[in-house]
Structure formats: C-alpha cells, structure tokens
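Coordinates as given in query.pdb (PDB, C-alpha atoms):
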MODEL        1
ATOM      1  CA  MET A   1       7.462 -17.472  10.955
ATOM      2  CA  LEU A   2       6.733 -13.736  10.773
ATOM      3  CA  LYS A   3       9.685 -11.555   9.870
ATOM      4  CA  ASN A   4       9.786  -7.772  10.185
ATOM      5  CA  LYS A   5       9.744  -7.345   6.418
ATOM      6  CA  GLY A   6       6.610  -6.541   4.460
ATOM      7  CA  ARG A   7       3.337  -4.823   5.187
ATOM      8  CA  LEU A   8       0.434  -5.836   7.405
ATOM      9  CA  LEU A   9      -3.099  -5.129   6.181
ATOM     10  CA  LYS A  10      -6.540  -5.648   7.730
ATOM     11  CA  GLY A  11      -9.516  -6.555   5.595
ATOM     12  CA  VAL A  12     -12.666  -8.601   5.112
ATOM     13  CA  VAL A  13     -12.827 -11.951   3.332
ATOM     14  CA  VAL A  14     -15.058 -11.586   0.252
ATOM     15  CA  SER A  15     -14.393 -14.956  -1.411
ATOM     16  CA  ASP A  16     -13.258 -18.380  -0.223
ATOM     17  CA  LYS A  17     -14.126 -20.489  -3.276
ATOM     18  CA  MET A  18     -10.540 -21.307  -4.262
ATOM     19  CA  ASP A  19      -8.498 -24.065  -2.634
ATOM     20  CA  LYS A  20      -6.095 -22.653  -0.001
ATOM     21  CA  THR A  21      -6.774 -19.088  -1.223
ATOM     22  CA  ILE A  22      -9.046 -16.318   0.013
ATOM     23  CA  VAL A  23      -9.754 -12.892  -1.440
ATOM     24  CA  VAL A  24      -9.461 -10.051   1.085
ATOM     25  CA  LEU A  25     -10.995  -6.603   0.508
ATOM     26  CA  VAL A  26      -8.881  -3.848   2.105
ATOM     27  CA  ASN A  27     -10.274  -0.324   2.471
ATOM     28  CA  ARG A  28      -8.080   2.697   3.078
ATOM     29  CA  TYR A  29      -8.621   6.435   3.008
ATOM     30  CA  LYS A  30      -6.833   8.976   0.836
ATOM     31  CA  GLU A  31      -7.006  12.736   0.910
ATOM     32  CA  HIS A  32      -7.429  14.794  -2.241
ATOM     33  CA  PRO A  33      -4.333  17.011  -2.623
ATOM     34  CA  LYS A  34      -6.221  20.159  -3.613
ATOM     35  CA  TYR A  35      -9.643  19.885  -1.995
ATOM     36  CA  LYS A  36      -8.516  18.008   1.164
ATOM     37  CA  LYS A  37     -11.573  15.741   1.076
ATOM     38  CA  ARG A  38     -11.019  12.199   2.289
ATOM     39  CA  TYR A  39     -12.310   9.363   0.148
ATOM     40  CA  ARG A  40     -12.234   5.597   0.380
ATOM     41  CA  VAL A  41     -10.072   3.449  -1.896
ATOM     42  CA  SER A  42     -10.646  -0.330  -2.010
ATOM     43  CA  LYS A  43      -8.380  -3.083  -3.260
ATOM     44  CA  LYS A  44      -8.650  -6.876  -3.286
ATOM     45  CA  TYR A  45      -5.719  -9.124  -2.413
ATOM     46  CA  LYS A  46      -5.427 -12.888  -2.832
ATOM     47  CA  ALA A  47      -4.013 -14.440   0.324
ATOM     48  CA  HIS A  48      -2.779 -17.940   1.170
ATOM     49  CA  ASP A  49      -4.982 -19.834   3.640
ATOM     50  CA  GLN A  50      -3.236 -23.173   4.259
ATOM     51  CA  LYS A  51      -6.068 -24.892   6.163
ATOM     52  CA  ASN A  52      -9.087 -23.339   4.384
ATOM     53  CA  GLU A  53     -10.313 -22.088   7.783
ATOM     54  CA  TYR A  54     -11.423 -18.510   6.968
ATOM     55  CA  LYS A  55     -14.909 -17.867   5.584
ATOM     56  CA  ILE A  56     -16.715 -14.955   3.917
ATOM     57  CA  GLY A  57     -17.248 -12.061   6.332
ATOM     58  CA  ASP A  58     -14.264 -12.806   8.597
ATOM     59  CA  GLN A  59     -11.987  -9.876   9.400
ATOM     60  CA  VAL A  60      -8.384 -11.003   8.927
ATOM     61  CA  VAL A  61      -4.835  -9.676   9.019
ATOM     62  CA  ILE A  62      -2.631 -10.477   6.029
ATOM     63  CA  HIS A  63       1.137 -10.210   5.722
ATOM     64  CA  GLU A  64       3.208  -9.575   2.601
ATOM     65  CA  SER A  65       5.454 -12.506   1.662
ATOM     66  CA  LYS A  66       7.399 -13.931  -1.224
ATOM     67  CA  PRO A  67       5.281 -14.847  -4.267
ATOM     68  CA  ILE A  68       3.321 -18.065  -3.829
ATOM     69  CA  SER A  69       1.749 -18.019  -7.292
ATOM     70  CA  LYS A  70       1.163 -15.536 -10.115
ATOM     71  CA  ASP A  71      -1.352 -13.416  -8.161
ATOM     72  CA  LYS A  72      -0.802 -14.574  -4.576
ATOM     73  CA  LYS A  73       1.819 -12.636  -2.590
ATOM     74  CA  TRP A  74       0.110 -12.468   0.829
ATOM     75  CA  ARG A  75      -0.382 -14.894   3.735
ATOM     76  CA  VAL A  76      -3.119 -14.865   6.362
ATOM     77  CA  ILE A  77      -1.892 -14.314   9.913
ATOM     78  CA  GLY A  78      -5.186 -14.608  11.767
ATOM     79  CA  LEU A  79      -8.519 -13.108  12.724
ATOM     80  CA  VAL A  80      -8.869  -9.545  14.004
ATOM     81  CA  ASN A  81      -9.911  -9.283  17.656
ATOM     82  CA  ASN A  82     -13.303  -7.575  17.783
ATOM     83  CA  SER A  83     -13.747  -7.423  21.548
ATOM     84  CA  LYS A  84     -16.283  -4.699  22.382
TER      85      LYS A  84
ENDMDL
END

Please rewrite the model in this file as structure tokens.
Amino acid sequence: MLKNKGRLLKGVVVSDKMDKTIVVLVNRYKEHPKYKKRYRVSKKYKAHDQKNEYKIGDQVVIHESKPISKDKKWRVIGLVNNSK
C-alpha cells in the first residue's frame, strides 16, 4: 500500500467532524536566515481516514498521496508510538 514516493509527516488531530476526513496540525521549525533564531511554523492538512477511527488529540503519521478531493491529498498511516 505504501510506496516510497511522497512525504511522511507527524502531527496532532485537531478536527474529526467530517466524514472519512481528519484535520492534522503539523508543527515544524525554521531558522531565520539572518538572525539564526529558530521559530515554529504550523500548517493544517486534511487527511483521509477511511474508518473514522482517529479522534481529536491523537498523534498520527500521514503520507502524501494522489489527490482524493479538492483539498485532501494525504492519507493516515497510523498512530505514533509514544512508549516512554
């Protein structure tokens, strides 16, 4: 199912109100080119959740895929292992 094409991103589910779709918030860090300070950049992605099994607050991994709808170009792979 998973090919080697496309990106993998980790994020937190912030919305699960749509049918078979979740919204995932992905945070990443950038560095200012002149001042070298790191700052956080956030972006939300709509991801396909076939079984409606992921809920708000879950940490998930999403994979880039072919377009599913106008805004949805990502699929959920699974939960992130938080074994501490």

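Under the PyMOL selection byres ((chain A and resi 54-56) around 6), the matching residues in the shown file are A:Val13, A:Val14, A:Ser15, A:Asn52, A:Glu53, A:Gly57, A:Asp58.
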
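Taken over the whole file, the PyMOL selection byres ((chain A and resi 60) around 10) covers exactly A:Leu9, A:Lys10, A:Gly11, A:Val12, A:Val13, A:Val24, A:Leu25, A:Val26, A:Tyr54, A:Gly57, A:Asp58, A:Gln59, A:Val61, A:Ile62, A:Val76, A:Ile77, A:Gly78, A:Leu79, A:Val80, A:Asn81.
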
Please list as a compact mmCIF listing (two decimals) with C-alpha atoms, keeping the file's coordinate frame every residue within 10 Å of Arg40 in chain A, counting all atoms listed in the file and excluding residues in the same chain fewer than 6 positions away.
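Saved file result.txt follows:
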# COMPACT_ATOMS: atom_id res chain seq x y z
CA ASN A 27 -10.27 -0.32 2.47
CA ARG A 28 -8.08 2.70 3.08
CA TYR A 29 -8.62 6.44 3.01
CA LYS A 30 -6.83 8.98 0.84
CA GLU A 31 -7.01 12.74 0.91

Could you please give me, as a PDB file with C-alpha atoms, in the coordinates of the input, the residues of protein, DNA or RNA lying at most 10 Å from (2.8, -15.6, 1.4) in the coordinate frame of the file, considering all atoms listed in the file?
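point_35.pdb, written as the output of this step:
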ATOM      1  CA  LYS A  46      -5.427 -12.888  -2.832  1.00  0.00           C
ATOM      2  CA  ALA A  47      -4.013 -14.440   0.324  1.00  0.00           C
ATOM      3  CA  HIS A  48      -2.779 -17.940   1.170  1.00  0.00           C
ATOM      4  CA  ASP A  49      -4.982 -19.834   3.640  1.00  0.00           C
ATOM      5  CA  ILE A  62      -2.631 -10.477   6.029  1.00  0.00           C
ATOM      6  CA  HIS A  63       1.137 -10.210   5.722  1.00  0.00           C
ATOM      7  CA  GLU A  64       3.208  -9.575   2.601  1.00  0.00           C
ATOM      8  CA  SER A  65       5.454 -12.506   1.662  1.00  0.00           C
ATOM      9  CA  LYS A  66       7.399 -13.931  -1.224  1.00  0.00           C
ATOM     10  CA  PRO A  67       5.281 -14.847  -4.267  1.00  0.00           C
ATOM     11  CA  ILE A  68       3.321 -18.065  -3.829  1.00  0.00           C
ATOM     12  CA  SER A  69       1.749 -18.019  -7.292  1.00  0.00           C
ATOM     13  CA  LYS A  72      -0.802 -14.574  -4.576  1.00  0.00           C
ATOM     14  CA  LYS A  73       1.819 -12.636  -2.590  1.00  0.00           C
ATOM     15  CA  TRP A  74       0.110 -12.468   0.829  1.00  0.00           C
ATOM     16  CA  ARG A  75      -0.382 -14.894   3.735  1.00  0.00           C
ATOM     17  CA  VAL A  76      -3.119 -14.865   6.362  1.00  0.00           C
ATOM     18  CA  ILE A  77      -1.892 -14.314   9.913  1.00  0.00           C
TER      19      ILE A  77
END

Excluding Lys51 in chain A and residues on its chain fewer than 4 positions from it, collect all residues at most 10 Å away from it, counting all atoms listed in the file, and give them as number ranges by chain. A: 19-21

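Taking CA of Leu8 in chain A as the reference point, CA of Tyr45 in chain A is found at 12.0 Å.
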